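Participant: I am sharing structure-v2.cif, which consists of mmCIF, C-alpha atoms:
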data_data
#
loop_
_atom_site.label_atom_id
_atom_site.label_comp_id
_atom_site.auth_asym_id
_atom_site.auth_seq_id
_atom_site.Cartn_x
_atom_site.Cartn_y
_atom_site.Cartn_z
CA GLY A 1 174.12 131.31 -24.80
CA ALA A 2 170.45 130.57 -24.36
CA VAL A 3 168.47 133.10 -22.33
CA VAL A 4 165.49 132.62 -20.08
CA SER A 5 163.68 135.67 -18.77
CA GLN A 6 161.23 136.10 -15.92
CA HIS A 7 158.74 138.88 -15.40
CA PRO A 8 158.38 140.58 -13.06
CA SER A 9 161.73 140.44 -11.31
CA TRP A 10 160.07 141.41 -8.05
CA VAL A 11 156.50 141.97 -6.91
CA ILE A 12 154.84 143.08 -3.70
CA CYS A 13 151.17 142.31 -3.23
CA LYS A 14 148.50 142.31 -0.57
CA SER A 15 147.35 139.12 1.07
CA GLY A 16 144.46 137.53 -0.81
CA THR A 17 145.41 138.79 -4.26
CA SER A 18 146.71 136.71 -7.15
CA VAL A 19 150.06 137.18 -8.82
CA LYS A 20 151.19 135.94 -12.23
CA ILE A 21 154.84 135.26 -13.03
CA GLU A 22 156.01 134.71 -16.60
CA CYS A 23 158.91 132.57 -17.75
CA ARG A 24 160.09 132.95 -21.34
CA SER A 25 162.75 131.21 -23.37
CA LEU A 26 164.02 133.99 -25.61
CA ASP A 27 166.02 132.19 -28.28
CA PHE A 28 165.01 128.55 -28.14
CA GLN A 29 161.95 126.37 -27.88
CA ALA A 30 161.23 124.71 -24.58
CA THR A 31 158.80 121.82 -24.49
CA THR A 32 159.39 121.51 -20.76
CA MET A 33 159.76 124.21 -18.14
CA PHE A 34 160.27 123.78 -14.41
CA TRP A 35 159.17 125.99 -11.53
CA TYR A 36 161.21 126.14 -8.31
CA ARG A 37 160.76 127.94 -5.02
CA GLN A 38 163.63 129.06 -2.85
CA PHE A 39 163.21 130.29 0.71
CA PRO A 40 165.94 132.48 2.26
CA LYS A 41 169.21 130.61 2.77
CA GLN A 42 167.66 127.40 1.51
CA SER A 43 168.04 125.46 -1.69
CA LEU A 44 165.73 125.26 -4.66
CA MET A 45 162.72 123.01 -4.31
CA LEU A 46 160.99 121.82 -7.45
CA MET A 47 157.31 122.77 -7.42
CA ALA A 48 156.11 121.50 -10.77
CA THR A 49 157.05 120.43 -14.25
CA SER A 50 155.27 122.27 -17.03
CA ASN A 51 154.84 120.62 -20.42
CA GLU A 52 153.70 122.59 -23.44
CA GLY A 53 150.12 121.83 -24.32
CA SER A 54 149.39 119.59 -21.36
CA LYS A 55 148.71 119.78 -17.65
CA ALA A 56 151.57 120.46 -15.28
CA THR A 57 152.91 117.75 -12.99
CA TYR A 58 153.12 118.91 -9.39
CA GLU A 59 155.51 117.67 -6.74
CA GLN A 60 154.18 116.15 -3.57
CA GLY A 61 152.92 118.78 -1.15
CA VAL A 62 152.42 121.51 -3.75
CA GLU A 63 148.81 122.64 -4.08
CA LYS A 64 147.86 122.63 -7.75
CA ASP A 65 144.83 124.85 -7.13
CA LYS A 66 146.98 127.46 -5.44
CA PHE A 67 149.87 127.45 -7.90
CA LEU A 68 148.32 127.48 -11.36
CA ILE A 69 150.70 126.70 -14.19
CA ASN A 70 150.01 127.30 -17.85
CA HIS A 71 152.41 126.41 -20.67
CA ALA A 72 150.54 127.67 -23.70
CA SER A 73 153.43 127.94 -26.14
CA LEU A 74 156.93 126.59 -26.68
CA THR A 75 158.45 129.78 -25.28
CA LEU A 76 156.17 130.77 -22.40
CA SER A 77 155.07 129.29 -19.11
CA THR A 78 153.20 131.17 -16.41
CA LEU A 79 152.85 130.55 -12.69
CA THR A 80 149.91 132.17 -10.93
CA VAL A 81 149.94 132.27 -7.16
CA THR A 82 146.27 132.49 -6.22
CA SER A 83 145.02 134.06 -3.02
CA ALA A 84 148.55 134.76 -1.92
CA HIS A 85 149.45 134.75 1.76
CA PRO A 86 152.59 135.94 3.56
CA GLU A 87 153.90 132.36 3.75
CA ASP A 88 153.98 132.33 -0.07
CA SER A 89 156.66 135.02 0.02
CA SER A 90 159.66 133.46 -1.64
CA PHE A 91 162.04 133.54 -4.59
CA TYR A 92 160.49 131.76 -7.58
CA ILE A 93 162.84 130.52 -10.29
CA CYS A 94 161.96 128.86 -13.57
CA SER A 95 164.09 126.82 -15.90
CA ALA A 96 163.52 125.80 -19.49
CA ARG A 97 164.74 122.65 -21.17
CA VAL A 98 165.85 122.97 -24.76
CA ALA A 99 163.59 120.84 -26.93
CA GLY A 100 165.18 117.51 -27.77
CA THR A 101 167.99 117.85 -25.23
CA ASP A 102 168.54 117.50 -21.50
CA THR A 103 170.02 120.99 -21.17
CA GLN A 104 168.20 123.43 -18.88
CA TYR A 105 168.67 127.15 -18.59
CA PHE A 106 167.53 129.08 -15.54
CA GLY A 107 165.73 132.38 -15.32
CA PRO A 108 166.90 135.19 -13.03
CA GLY A 109 164.11 134.60 -10.53
CA THR A 110 161.14 136.56 -9.21
CA ARG A 111 161.04 137.83 -5.65
CA LEU A 112 157.47 137.70 -4.31
CA THR A 113 156.59 139.50 -1.10
CA VAL A 114 153.06 139.16 0.23
CA LEU A 115 152.07 141.71 2.86
CA LYS B 116 163.96 109.33 -2.47
CA GLN B 117 167.06 111.06 -3.77
CA GLU B 118 168.76 113.34 -1.24
CA VAL B 119 171.64 115.65 -2.02
CA THR B 120 173.93 116.96 0.70
CA GLN B 121 176.61 119.60 0.44
CA ILE B 122 179.44 120.08 2.88
CA PRO B 123 180.45 122.52 4.20
CA ALA B 124 177.43 124.81 4.41
CA ALA B 125 179.73 127.82 4.47
CA LEU B 126 183.39 128.36 3.77
CA SER B 127 185.61 131.42 4.11
CA VAL B 128 189.16 131.39 2.76
CA PRO B 129 191.81 133.95 1.83
CA GLU B 130 192.30 134.89 -1.78
CA GLY B 131 194.62 132.65 -3.76
CA GLU B 132 193.86 129.40 -1.96
CA ASN B 133 192.72 126.26 -3.71
CA LEU B 134 189.55 124.78 -2.27
CA VAL B 135 187.20 121.83 -2.58
CA LEU B 136 183.44 121.77 -2.23
CA ASN B 137 181.72 118.46 -1.60
CA CYS B 138 178.43 117.03 -2.76
CA SER B 139 176.95 113.63 -1.96
CA PHE B 140 173.79 111.93 -3.19
CA THR B 141 171.97 108.87 -1.93
CA ASP B 142 170.82 107.19 -5.16
CA SER B 143 173.46 106.45 -7.78
CA ALA B 144 170.88 106.13 -10.57
CA ILE B 145 171.50 109.59 -11.92
CA TYR B 146 171.54 110.90 -15.48
CA ASN B 147 174.02 113.66 -14.80
CA LEU B 148 175.22 116.06 -12.11
CA GLN B 149 175.59 119.81 -12.39
CA TRP B 150 177.34 122.48 -10.38
CA PHE B 151 175.75 125.91 -10.31
CA ARG B 152 176.71 129.29 -8.96
CA GLN B 153 174.14 131.62 -7.41
CA ASP B 154 174.86 135.21 -6.49
CA PRO B 155 172.68 136.83 -3.78
CA GLY B 156 169.16 137.49 -5.04
CA LYS B 157 169.97 136.15 -8.49
CA GLY B 158 169.23 133.12 -10.59
CA LEU B 159 171.54 130.22 -11.31
CA THR B 160 174.55 130.04 -13.59
CA SER B 161 175.58 126.59 -14.74
CA LEU B 162 179.29 125.96 -14.17
CA LEU B 163 179.90 122.34 -15.08
CA LEU B 164 177.80 119.36 -16.12
CA ILE B 165 179.10 115.82 -15.74
CA GLN B 166 177.29 113.00 -17.48
CA SER B 167 176.89 109.77 -15.49
CA SER B 168 179.45 108.06 -17.73
CA GLN B 169 182.09 110.74 -17.11
CA ARG B 170 184.55 111.08 -14.25
CA GLU B 171 185.33 114.78 -14.44
CA GLN B 172 184.86 118.04 -16.28
CA THR B 173 187.06 121.12 -16.35
CA SER B 174 186.40 124.75 -17.16
CA GLY B 175 189.14 127.26 -16.48
CA ARG B 176 189.99 127.22 -12.78
CA LEU B 177 187.12 124.85 -12.02
CA ASN B 178 187.28 121.07 -11.99
CA ALA B 179 184.40 118.84 -11.05
CA SER B 180 184.68 115.13 -10.41
CA LEU B 181 182.03 112.45 -10.17
CA ASP B 182 182.18 109.07 -8.45
CA LYS B 183 178.75 107.69 -9.12
CA SER B 184 179.27 104.41 -7.30
CA SER B 185 180.06 106.17 -4.03
CA GLY B 186 177.53 108.96 -4.60
CA ARG B 187 180.04 111.79 -4.46
CA SER B 188 181.11 114.79 -6.47
CA THR B 189 183.64 117.49 -5.74
CA LEU B 190 184.13 120.95 -7.16
CA TYR B 191 187.73 122.11 -7.08
CA ILE B 192 188.43 125.82 -7.41
CA ALA B 193 192.03 126.77 -8.07
CA ALA B 194 193.62 130.09 -7.13
CA SER B 195 190.43 131.50 -5.64
CA GLN B 196 189.49 135.14 -6.23
CA PRO B 197 187.09 137.51 -4.42
CA GLY B 198 184.83 137.32 -7.48
CA ASP B 199 184.33 133.62 -6.76
CA SER B 200 182.33 134.54 -3.66
CA ALA B 201 178.83 133.11 -4.14
CA THR B 202 176.69 130.13 -3.20
CA TYR B 203 177.57 126.96 -5.05
CA LEU B 204 174.84 124.41 -5.62
CA CYS B 205 175.10 120.89 -6.91
CA ALA B 206 172.13 119.15 -8.46
CA VAL B 207 171.55 115.63 -9.73
CA ASN B 208 169.37 114.92 -12.71
CA LEU B 209 167.29 111.86 -11.90
CA GLN B 210 167.56 109.08 -14.42
CA GLY B 211 164.37 108.76 -16.37
CA ALA B 212 162.67 111.64 -14.60
CA GLN B 213 164.61 114.54 -16.09
CA LYS B 214 164.24 116.71 -13.03
CA LEU B 215 166.89 118.22 -10.80
CA VAL B 216 167.30 117.63 -7.09
CA PHE B 217 169.42 120.30 -5.46
CA GLY B 218 171.69 120.29 -2.46
CA GLN B 219 171.50 123.01 0.17
CA GLY B 220 174.49 124.82 -1.24
CA THR B 221 177.85 125.98 0.06
CA ARG B 222 178.17 129.70 0.74
CA LEU B 223 181.71 130.61 -0.27
CA THR B 224 183.48 133.81 0.75
CA ILE B 225 186.91 134.66 -0.64
CA ASN B 226 188.63 137.31 1.45
CA PRO B 227 190.97 139.78 -0.31
#
What's the structure tokens form of this structure?
Facilitator:
Amino acid sequence: GAVVSQHPSWVICKSGTSVKIECRSLDFQATTMFWYRQFPKQSLMLMATSNEGSKATYEQGVEKDKFLINHASLTLSTLTVTSAHPEDSSFYICSARVAGTDTQYFGPGTRLTVL
Amino acid sequence: KQEVTQIPAALSVPEGENLVLNCSFTDSAIYNLQWFRQDPGKGLTSLLLIQSSQREQTSGRLNASLDKSSGRSTLYIAASQPGDSATYLCAVNLQGAQKLVFGQGTRLTINP
């Protein structure tokens, strides 16, 4: 089946630094990728929809200047958490929609811990 | 605003039992509904996808039903096994928006 990878799988950083998370579709093209955040024992909350070659669409309450999303190719989207703070510590999961379909595949997630 | 609710939040049953997980959604204008499995600290694995025009889907010991008019879906697991222990999430795909809204999940524990 289709595979979506995320890198890194976990990251620990100091407060105030920026962290970049990559989401790659390994064997298919994805015109649309989605970024989710999941706090402990809670469900996934959609943060933004990333479209290849255009600006991301952010959900209400998500700061676009803090969570920078770039979708430069049909197989890669990146999420940069700028000036990270401890409250940004969470599990970030991406999904990629196969071009021309409504099928999404999810990445394994990235655990971010901000000290 | 679409809201998805899953009941129960947690369930613990002995191995071999059949069980039902419930999912309800407030807006029936959905494109499809999916059931996912999530193991601790891991990503999501898609189990079943039901299109809005379908009533049910089956895969092995899993059967998912959809009643769009009443805003309900159930996931039936037959002959449960310890390996079925995980969190089960349902998500609706909003019609026209192509984005998923997730429920809170049901944390399932199958005891040997």
Participant: With only C-alpha atoms counted and 12 Å as the cut-off, give the residues of chain A in contact with chain B, each with its shortest interatomic distance in Å and the pair that gives it, as JSON lines.
Facilitator:
{"residue": "A:Gly1", "atom": "CA", "partner": "B:Ser161", "partner_atom": "CA", "distance": 11.2}
{"residue": "A:Ala2", "atom": "CA", "partner": "B:Thr160", "partner_atom": "CA", "distance": 11.5}
{"residue": "A:Val3", "atom": "CA", "partner": "B:Thr160", "partner_atom": "CA", "distance": 11.1}
{"residue": "A:Val4", "atom": "CA", "partner": "B:Gly158", "partner_atom": "CA", "distance": 10.2}
{"residue": "A:Ser5", "atom": "CA", "partner": "B:Gly158", "partner_atom": "CA", "distance": 10.2}
{"residue": "A:Gln6", "atom": "CA", "partner": "B:Gly158", "partner_atom": "CA", "distance": 10.1}
{"residue": "A:Ser9", "atom": "CA", "partner": "B:Lys157", "partner_atom": "CA", "distance": 9.7}
{"residue": "A:Trp10", "atom": "CA", "partner": "B:Gly156", "partner_atom": "CA", "distance": 10.3}
{"residue": "A:Thr32", "atom": "CA", "partner": "B:Gln213", "partner_atom": "CA", "distance": 9.9}
{"residue": "A:Met33", "atom": "CA", "partner": "B:Lys214", "partner_atom": "CA", "distance": 10.1}
{"residue": "A:Phe34", "atom": "CA", "partner": "B:Lys214", "partner_atom": "CA", "distance": 8.2}
{"residue": "A:Trp35", "atom": "CA", "partner": "B:Lys214", "partner_atom": "CA", "distance": 10.7}
{"residue": "A:Tyr36", "atom": "CA", "partner": "B:Leu215", "partner_atom": "CA", "distance": 10.1}
{"residue": "A:Arg37", "atom": "CA", "partner": "B:Gly158", "partner_atom": "CA", "distance": 11.4}
{"residue": "A:Gln38", "atom": "CA", "partner": "B:Gly156", "partner_atom": "CA", "distance": 10.3}
{"residue": "A:Phe39", "atom": "CA", "partner": "B:Gly156", "partner_atom": "CA", "distance": 11.0}
{"residue": "A:Pro40", "atom": "CA", "partner": "B:Gly156", "partner_atom": "CA", "distance": 9.4}
{"residue": "A:Lys41", "atom": "CA", "partner": "B:Gln219", "partner_atom": "CA", "distance": 8.4}
{"residue": "A:Gln42", "atom": "CA", "partner": "B:Gln219", "partner_atom": "CA", "distance": 6.0}
{"residue": "A:Ser43", "atom": "CA", "partner": "B:Gln219", "partner_atom": "CA", "distance": 4.6}
{"residue": "A:Leu44", "atom": "CA", "partner": "B:Phe217", "partner_atom": "CA", "distance": 6.2}
{"residue": "A:Met45", "atom": "CA", "partner": "B:Phe217", "partner_atom": "CA", "distance": 7.3}
{"residue": "A:Leu46", "atom": "CA", "partner": "B:Val216", "partner_atom": "CA", "distance": 7.6}
{"residue": "A:Met47", "atom": "CA", "partner": "B:Lys214", "partner_atom": "CA", "distance": 10.8}
{"residue": "A:Ala48", "atom": "CA", "partner": "B:Lys214", "partner_atom": "CA", "distance": 9.7}
{"residue": "A:Thr49", "atom": "CA", "partner": "B:Lys214", "partner_atom": "CA", "distance": 8.2}
{"residue": "A:Ser50", "atom": "CA", "partner": "B:Lys214", "partner_atom": "CA", "distance": 11.3}
{"residue": "A:Thr57", "atom": "CA", "partner": "B:Lys214", "partner_atom": "CA", "distance": 11.4}
{"residue": "A:Tyr58", "atom": "CA", "partner": "B:Lys214", "partner_atom": "CA", "distance": 11.9}
{"residue": "A:Glu59", "atom": "CA", "partner": "B:Lys214", "partner_atom": "CA", "distance": 10.8}
{"residue": "A:Gln60", "atom": "CA", "partner": "B:Lys116", "partner_atom": "CA", "distance": 12.0}
{"residue": "A:Ser90", "atom": "CA", "partner": "B:Gly156", "partner_atom": "CA", "distance": 10.9}
{"residue": "A:Phe91", "atom": "CA", "partner": "B:Gly156", "partner_atom": "CA", "distance": 8.2}
{"residue": "A:Tyr92", "atom": "CA", "partner": "B:Gly158", "partner_atom": "CA", "distance": 9.3}
{"residue": "A:Ile93", "atom": "CA", "partner": "B:Gly158", "partner_atom": "CA", "distance": 6.9}
{"residue": "A:Cys94", "atom": "CA", "partner": "B:Gly158", "partner_atom": "CA", "distance": 8.9}
{"residue": "A:Ser95", "atom": "CA", "partner": "B:Leu159", "partner_atom": "CA", "distance": 9.4}
{"residue": "A:Ala96", "atom": "CA", "partner": "B:Lys214", "partner_atom": "CA", "distance": 11.2}
{"residue": "A:Arg97", "atom": "CA", "partner": "B:Gln213", "partner_atom": "CA", "distance": 9.6}
{"residue": "A:Thr101", "atom": "CA", "partner": "B:Gln213", "partner_atom": "CA", "distance": 10.3}
{"residue": "A:Asp102", "atom": "CA", "partner": "B:Gln213", "partner_atom": "CA", "distance": 7.3}
{"residue": "A:Thr103", "atom": "CA", "partner": "B:Leu164", "partner_atom": "CA", "distance": 9.4}
{"residue": "A:Gln104", "atom": "CA", "partner": "B:Ser161", "partner_atom": "CA", "distance": 9.0}
{"residue": "A:Tyr105", "atom": "CA", "partner": "B:Ser161", "partner_atom": "CA", "distance": 7.9}
{"residue": "A:Phe106", "atom": "CA", "partner": "B:Leu159", "partner_atom": "CA", "distance": 5.9}
{"residue": "A:Gly107", "atom": "CA", "partner": "B:Gly158", "partner_atom": "CA", "distance": 5.9}
{"residue": "A:Pro108", "atom": "CA", "partner": "B:Gly158", "partner_atom": "CA", "distance": 4.0}
{"residue": "A:Gly109", "atom": "CA", "partner": "B:Gly158", "partner_atom": "CA", "distance": 5.3}
{"residue": "A:Thr110", "atom": "CA", "partner": "B:Lys157", "partner_atom": "CA", "distance": 8.9}
{"residue": "A:Arg111", "atom": "CA", "partner": "B:Gly156", "partner_atom": "CA", "distance": 8.1}
{"residue": "A:Leu112", "atom": "CA", "partner": "B:Gly156", "partner_atom": "CA", "distance": 11.7}
Participant: Quote the spacing between atom CA of A:Ser89 and atom CA of B:Ser200 in Å to one decimal place.
Facilitator: 25.9 Å
Participant: If I wrap all listed atoms of stretch 28-42 of chain A in a box with edges along x, y and z and add 4 Å on each side, what are its centre and edge lengths in Å to one decimal, as JSON?
Facilitator:
{"center_x": 164.0, "center_y": 127.0, "center_z": -12.7, "size_x": 18.4, "size_y": 19.0, "size_z": 38.9}
Participant: Give me the residues near B:Pro123 as a list in words, where near means some atom within 8 Å (using all atoms listed in the file) and where sequence neighbours in that chain fewer than 3 positions away do not count.
Facilitator: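 My reading of the contact set: Leu126, Leu136, Asn137 and Thr221 of chain B.
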Participant: Applying 9 Å and only C-alpha atoms, which residues near stretch 76-87 of chain A remain after dropping the ones on its own chain fewer than 5 positions away? List them as a ChimeraX atom specification.
Facilitator: /A:13-25,30,33-35,50-52,65-71,94,113-115
Participant: For this file, the PyMOL selection byres ((chain B and resi 180) around 7) selects which residues, as a list in words?
Facilitator: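 Checking the PyMOL selection byres ((chain B and resi 180) around 7) against this file, the residues are Arg170, Glu171, Gln172, Asn178, Ala179, Leu181, Asp182, Ser188, Thr189 and Leu190 of chain B.
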Participant: Expand the PyMOL selection byres ((chain B and resi 194) around 6) into the explicit residue set it covers here, and present it as a PyMOL selection string.
Facilitator: chain B and resi 131-133+193+195
Participant: For the PyMOL selection byres ((chain B and resi 183-186) around 7), applied here, can you spell out every residue it catches as a ChimeraX atom specification?
Facilitator: /B:139-143,167,181-182,187
Participant: How would stretch 202-221 of chain B look with N, CA, C and O atoms restored, written as a compact mmCIF listing (two decimals), in the coordinates of the input?
Facilitator:
# COMPACT_ATOMS: atom_id res chain seq x y z
N THR B 202 177.15 131.43 -3.68
CA THR B 202 176.69 130.13 -3.20
C THR B 202 176.80 129.14 -4.34
O THR B 202 176.38 129.43 -5.47
N TYR B 203 177.38 128.00 -4.05
CA TYR B 203 177.57 126.96 -5.05
C TYR B 203 176.62 125.81 -4.75
O TYR B 203 176.59 125.28 -3.64
N LEU B 204 175.85 125.45 -5.75
CA LEU B 204 174.84 124.41 -5.62
C LEU B 204 175.18 123.24 -6.53
O LEU B 204 175.58 123.45 -7.68
N CYS B 205 175.03 122.04 -6.02
CA CYS B 205 175.10 120.89 -6.91
C CYS B 205 173.70 120.32 -7.05
O CYS B 205 172.86 120.45 -6.14
N ALA B 206 173.45 119.72 -8.18
CA ALA B 206 172.13 119.15 -8.46
C ALA B 206 172.30 117.89 -9.29
O ALA B 206 173.11 117.85 -10.21
N VAL B 207 171.53 116.86 -8.94
CA VAL B 207 171.55 115.63 -9.73
C VAL B 207 170.29 115.57 -10.57
O VAL B 207 169.20 115.95 -10.13
N ASN B 208 170.48 115.10 -11.77
CA ASN B 208 169.37 114.92 -12.71
C ASN B 208 168.94 113.46 -12.61
O ASN B 208 169.72 112.56 -12.93
N LEU B 209 167.73 113.23 -12.14
CA LEU B 209 167.29 111.86 -11.90
C LEU B 209 167.10 111.11 -13.20
O LEU B 209 166.45 111.59 -14.12
N GLN B 210 167.65 109.91 -13.23
CA GLN B 210 167.56 109.08 -14.42
C GLN B 210 166.11 108.77 -14.73
O GLN B 210 165.36 108.32 -13.87
N GLY B 211 165.72 109.05 -15.95
CA GLY B 211 164.37 108.76 -16.37
C GLY B 211 163.34 109.80 -16.00
O GLY B 211 162.27 109.83 -16.56
N ALA B 212 163.66 110.66 -15.05
CA ALA B 212 162.67 111.64 -14.60
C ALA B 212 162.95 113.02 -15.15
O ALA B 212 162.05 113.84 -15.22
N GLN B 213 164.20 113.26 -15.52
CA GLN B 213 164.61 114.54 -16.09
C GLN B 213 164.23 115.72 -15.20
O GLN B 213 163.75 116.73 -15.67
N LYS B 214 164.41 115.56 -13.90
CA LYS B 214 164.24 116.71 -13.03
C LYS B 214 165.41 116.76 -12.05
O LYS B 214 165.99 115.75 -11.70
N LEU B 215 165.72 117.99 -11.63
CA LEU B 215 166.89 118.22 -10.80
C LEU B 215 166.54 118.22 -9.33
O LEU B 215 165.54 118.80 -8.91
N VAL B 216 167.39 117.57 -8.55
CA VAL B 216 167.30 117.63 -7.09
C VAL B 216 168.54 118.35 -6.60
O VAL B 216 169.67 117.93 -6.89
N PHE B 217 168.33 119.43 -5.89
CA PHE B 217 169.42 120.30 -5.46
C PHE B 217 169.88 120.01 -4.05
O PHE B 217 169.10 119.61 -3.18
N GLY B 218 171.17 120.25 -3.82
CA GLY B 218 171.69 120.29 -2.46
C GLY B 218 171.41 121.65 -1.84
O GLY B 218 170.87 122.55 -2.49
N GLN B 219 171.78 121.78 -0.57
CA GLN B 219 171.50 123.01 0.17
C GLN B 219 172.46 124.14 -0.20
O GLN B 219 172.19 125.29 0.11
N GLY B 220 173.55 123.79 -0.83
CA GLY B 220 174.49 124.82 -1.24
C GLY B 220 175.62 125.04 -0.25
O GLY B 220 175.48 124.75 0.95
N THR B 221 176.73 125.54 -0.77
CA THR B 221 177.85 125.98 0.06
C THR B 221 178.05 127.46 -0.20
O THR B 221 178.27 127.87 -1.34
